[in-house]
Amino acid sequence: MEYSLGFAHFLSNTDMLGRVVLSCLGALSIASWYLIVTKATANILARRRADNFLKQFWAADSLLEVQSALHRRPADSAFAELARDALDAASDSEKHGMQKLAAAGGLGEFLTRLLRNGIDQEAARVEHGLTVLASAGSAAPYIGLFGTVWGIYHALVNIGLSGQSTLDKVSGPVGEALIMTALGLAVAIPAVLAFNAFNRRNRVWLARLDAFAHDLYTVITLGQKSNSSAGETRQLQIVKKG
C-alpha cells in the first residue's frame with residue numbers, strides 16, 4: 001500500500017470528527033488574528049489621540065477653555081471623556097449646588113466616584129476580546145493533540161486491516177497525524193504572545209489614566225496640577241464666573 005504523504009493526503013483521508021477539529025482550529029485562528037490586528041490598530045490610534053489631548057489639555061490657559069474645546073468636538077479618547085465628565089460635573093455643582101443624590105458627600109466625593117467609574121469602564125472596554133485570545137492560547141494545543149490522537153488511531157486501524165505493519169507503513173500515517181498538533185501550536189503561540197502584549201499595554205494604559213485622573217481631581221478641587229507621572233509641575237488658574 002503506497003502513501004502520497006502530506007497535508008492534502010491527511011485531509012482527504014480524515015473523517016468527520018477530524019474535519020470538525022480542523023474547523024475549530026481554523027475558527028480560533030481567524031478570531032485570534034482578527035482581534036490581534038484590530039486591537040493593535042485601535043491601541044495605536046488611542047495612544048496618539050491621548051497624547052494629542054494631553055498636550056492640548058496642559059497647554060490650555062484655564063479649565064473653561066478645556067471644557068469649551070471638549071464641547072466643540074466629540075471626545076475621541078478615554079482621557080478626553082474623563083476630563084469632559086469631570087468638568088461638566090464640577091460646572092453643574094457650581095451652578096446648581098450639590099442637591100442631587102449623585103453628588104451627596106460634596107464635590108470631592110462626587111468627583112472621586114465619577115473618575116473611578118470612568119476608569120472602571122475603560123478597564124472593561126480594553127479587556128474586550130482578551131478572553132478569546134486566552135481561550136485560543138490555552139485550548140488550541142489540546143484540540144490539536146486530540147486531532148493527532150484521533151488521526152493516529154485511525155491510521156493504525158487502517159494499517160492493521162491492510163496487514164502491512166512495517167515501519168515505513170506506520171511512520172507515514174502517524175507523521176501525517178502529527179500535523180494536527182503542529183496546527184494547534186500554530187494557533188496557540190500567536191494568541192498567547194498577543195494576550196501577554198495586550199495585558200501589559202492595558203496595565204500601562206490604565207495606570208496612565210489613573211495618574212491623569214489624580215491630576216484632574218487636583219486641578220478641579222485645588223486649582224493646581226499635582227506632580228504628574230511625566231514629572232510636570234505647573235500651575236493652572238481656574239477661571240470662575242463673576
# chains A, B, ... in the order shown; residues from 1 in each chain; ligands from 1

$ residues_around --residues "Asn52 of chain A" --least-positions-apart "3" --cutoff "12 Å" --atoms "only C-alpha atoms" --output "PyMOL selection string"
chain A and resi 45-49+55-59+75-77+79-80

$ write_last_selection --atoms "N, CA and C atoms" --output "JSON list (two decimals), in the first residue's frame"
[["chain", "number", "residue", "atom", "x", "y", "z"],
["A", 45, "LEU", "N", -3.98, 54.01, 17.61],
["A", 45, "LEU", "CA", -4.76, 55.23, 17.41],
["A", 45, "LEU", "C", -5.15, 55.87, 18.74],
["A", 46, "ALA", "N", -5.52, 55.04, 19.72],
["A", 46, "ALA", "CA", -5.91, 55.57, 21.03],
["A", 46, "ALA", "C", -4.74, 56.28, 21.70],
["A", 47, "ARG", "N", -3.55, 55.73, 21.58],
["A", 47, "ARG", "CA", -2.38, 56.37, 22.19],
["A", 47, "ARG", "C", -2.08, 57.72, 21.53],
["A", 48, "ARG", "N", -2.19, 57.78, 20.21],
["A", 48, "ARG", "CA", -1.94, 59.05, 19.52],
["A", 48, "ARG", "C", -2.97, 60.11, 19.92],
["A", 49, "ARG", "N", -4.23, 59.71, 19.98],
["A", 49, "ARG", "CA", -5.27, 60.66, 20.36],
["A", 49, "ARG", "C", -5.09, 61.13, 21.80],
["A", 55, "LYS", "N", -1.50, 66.94, 25.50],
["A", 55, "LYS", "CA", -0.68, 68.09, 25.14],
["A", 55, "LYS", "C", -1.53, 69.36, 25.11],
["A", 56, "GLN", "N", -2.72, 69.28, 24.53],
["A", 56, "GLN", "CA", -3.61, 70.44, 24.48],
["A", 56, "GLN", "C", -4.17, 70.79, 25.85],
["A", 57, "PHE", "N", -4.42, 69.75, 26.66],
["A", 57, "PHE", "CA", -5.00, 69.99, 27.98],
["A", 57, "PHE", "C", -4.05, 70.81, 28.85],
["A", 58, "TRP", "N", -2.80, 70.37, 28.94],
["A", 58, "TRP", "CA", -1.86, 71.05, 29.83],
["A", 58, "TRP", "C", -1.36, 72.37, 29.23],
["A", 59, "ALA", "N", -1.59, 72.58, 27.95],
["A", 59, "ALA", "CA", -1.21, 73.86, 27.33],
["A", 59, "ALA", "C", -2.32, 74.89, 27.42],
["A", 75, "ALA", "N", -15.40, 63.73, 22.24],
["A", 75, "ALA", "CA", -14.24, 63.15, 22.93],
["A", 75, "ALA", "C", -13.78, 61.90, 22.18],
["A", 76, "ASP", "N", -12.52, 61.87, 21.80],
["A", 76, "ASP", "CA", -12.01, 60.78, 20.99],
["A", 76, "ASP", "C", -11.04, 59.87, 21.75],
["A", 77, "SER", "N", -10.98, 60.02, 23.07],
["A", 77, "SER", "CA", -10.11, 59.16, 23.87],
["A", 77, "SER", "C", -10.68, 59.05, 25.28],
["A", 79, "PHE", "N", -9.13, 59.69, 27.98],
["A", 79, "PHE", "CA", -8.68, 60.86, 28.74],
["A", 79, "PHE", "C", -9.62, 62.04, 28.51],
["A", 80, "ALA", "N", -10.01, 62.24, 27.25],
["A", 80, "ALA", "CA", -10.93, 63.34, 26.94],
["A", 80, "ALA", "C", -12.30, 63.11, 27.57]]

$ residues_around --residues "Gln121 of chain A" --least-positions-apart "6" --cutoff "12 Å" --atoms "only C-alpha atoms" --output "PyMOL selection string"
chain A and resi 78+81-82+114-115+127-128+206+209

$ residues_around --residues "segment 33-43 of chain A" --least-positions-apart "5" --cutoff "10 Å" --atoms "only C-alpha atoms" --output "ChimeraX atom specification"
/A:28,48-49,126,128-130,132-133,187,190-191,193-195,197-198,201-202,205

$ write_last_selection --atoms "N, CA and C atoms" --output "compact mmCIF listing (two decimals), in the first residue's frame"
# COMPACT_ATOMS: atom_id res chain seq x y z
N LEU A 28 -10.61 29.41 15.56
CA LEU A 28 -9.81 30.07 16.60
C LEU A 28 -8.71 30.93 15.99
N ARG A 48 -2.19 57.78 20.21
CA ARG A 48 -1.94 59.05 19.52
C ARG A 48 -2.97 60.11 19.92
N ARG A 49 -4.23 59.71 19.98
CA ARG A 49 -5.27 60.66 20.36
C ARG A 49 -5.09 61.13 21.80
N VAL A 126 -11.12 47.95 27.47
CA VAL A 126 -9.85 47.49 26.89
C VAL A 126 -9.67 45.98 27.05
N HIS A 128 -11.94 43.85 26.31
CA HIS A 128 -12.80 43.18 25.33
C HIS A 128 -11.95 42.38 24.34
N GLY A 129 -12.29 41.12 24.15
CA GLY A 129 -11.58 40.26 23.21
C GLY A 129 -10.45 39.45 23.81
N LEU A 130 -9.99 39.83 24.99
CA LEU A 130 -8.86 39.09 25.58
C LEU A 130 -9.26 37.67 25.98
N VAL A 132 -11.11 35.67 24.27
CA VAL A 132 -10.95 34.82 23.07
C VAL A 132 -9.49 34.46 22.86
N LEU A 133 -8.60 35.43 23.03
CA LEU A 133 -7.17 35.15 22.88
C LEU A 133 -6.68 34.17 23.93
N VAL A 187 -1.76 27.95 16.10
CA VAL A 187 -2.85 28.82 16.53
C VAL A 187 -2.57 29.40 17.91
N PRO A 190 0.73 32.56 18.57
CA PRO A 190 0.41 33.99 18.37
C PRO A 190 -0.63 34.52 19.36
N ALA A 191 -1.61 33.68 19.71
CA ALA A 191 -2.64 34.12 20.65
C ALA A 191 -2.05 34.40 22.02
N LEU A 193 1.14 35.16 22.78
CA LEU A 193 2.01 36.33 22.70
C LEU A 193 1.19 37.62 22.65
N ALA A 194 0.12 37.61 21.86
CA ALA A 194 -0.73 38.79 21.76
C ALA A 194 -1.44 39.07 23.08
N PHE A 195 -1.91 38.02 23.75
CA PHE A 195 -2.60 38.19 25.03
C PHE A 195 -1.67 38.84 26.05
N ALA A 197 1.01 40.68 25.42
CA ALA A 197 1.32 42.05 24.99
C ALA A 197 0.16 43.00 25.30
N PHE A 198 -1.07 42.57 25.02
CA PHE A 198 -2.22 43.43 25.28
C PHE A 198 -2.45 43.63 26.77
N ARG A 201 0.04 46.25 27.85
CA ARG A 201 -0.38 47.55 27.37
C ARG A 201 -1.55 48.09 28.20
N ASN A 202 -2.50 47.24 28.54
CA ASN A 202 -3.65 47.68 29.32
C ASN A 202 -3.24 48.14 30.72
N TRP A 205 -1.66 51.53 30.24
CA TRP A 205 -2.69 52.48 29.84
C TRP A 205 -3.56 52.90 31.02

$ closest_residue --among "A:Gly18, A:Gly118, A:Gly26, A:Gly108" --to "Arg84 of chain A" --atoms "only C-alpha atoms"
A:Gly118

$ atom_distance --atom1 "atom CA of Asn117 of chain A" --atom2 "atom CA of Val204 of chain A"
18.1 Å

$ atom_distance --atom1 "atom CA of Asp92 of chain A" --atom2 "atom CA of Ala207 of chain A"
28.0 Å
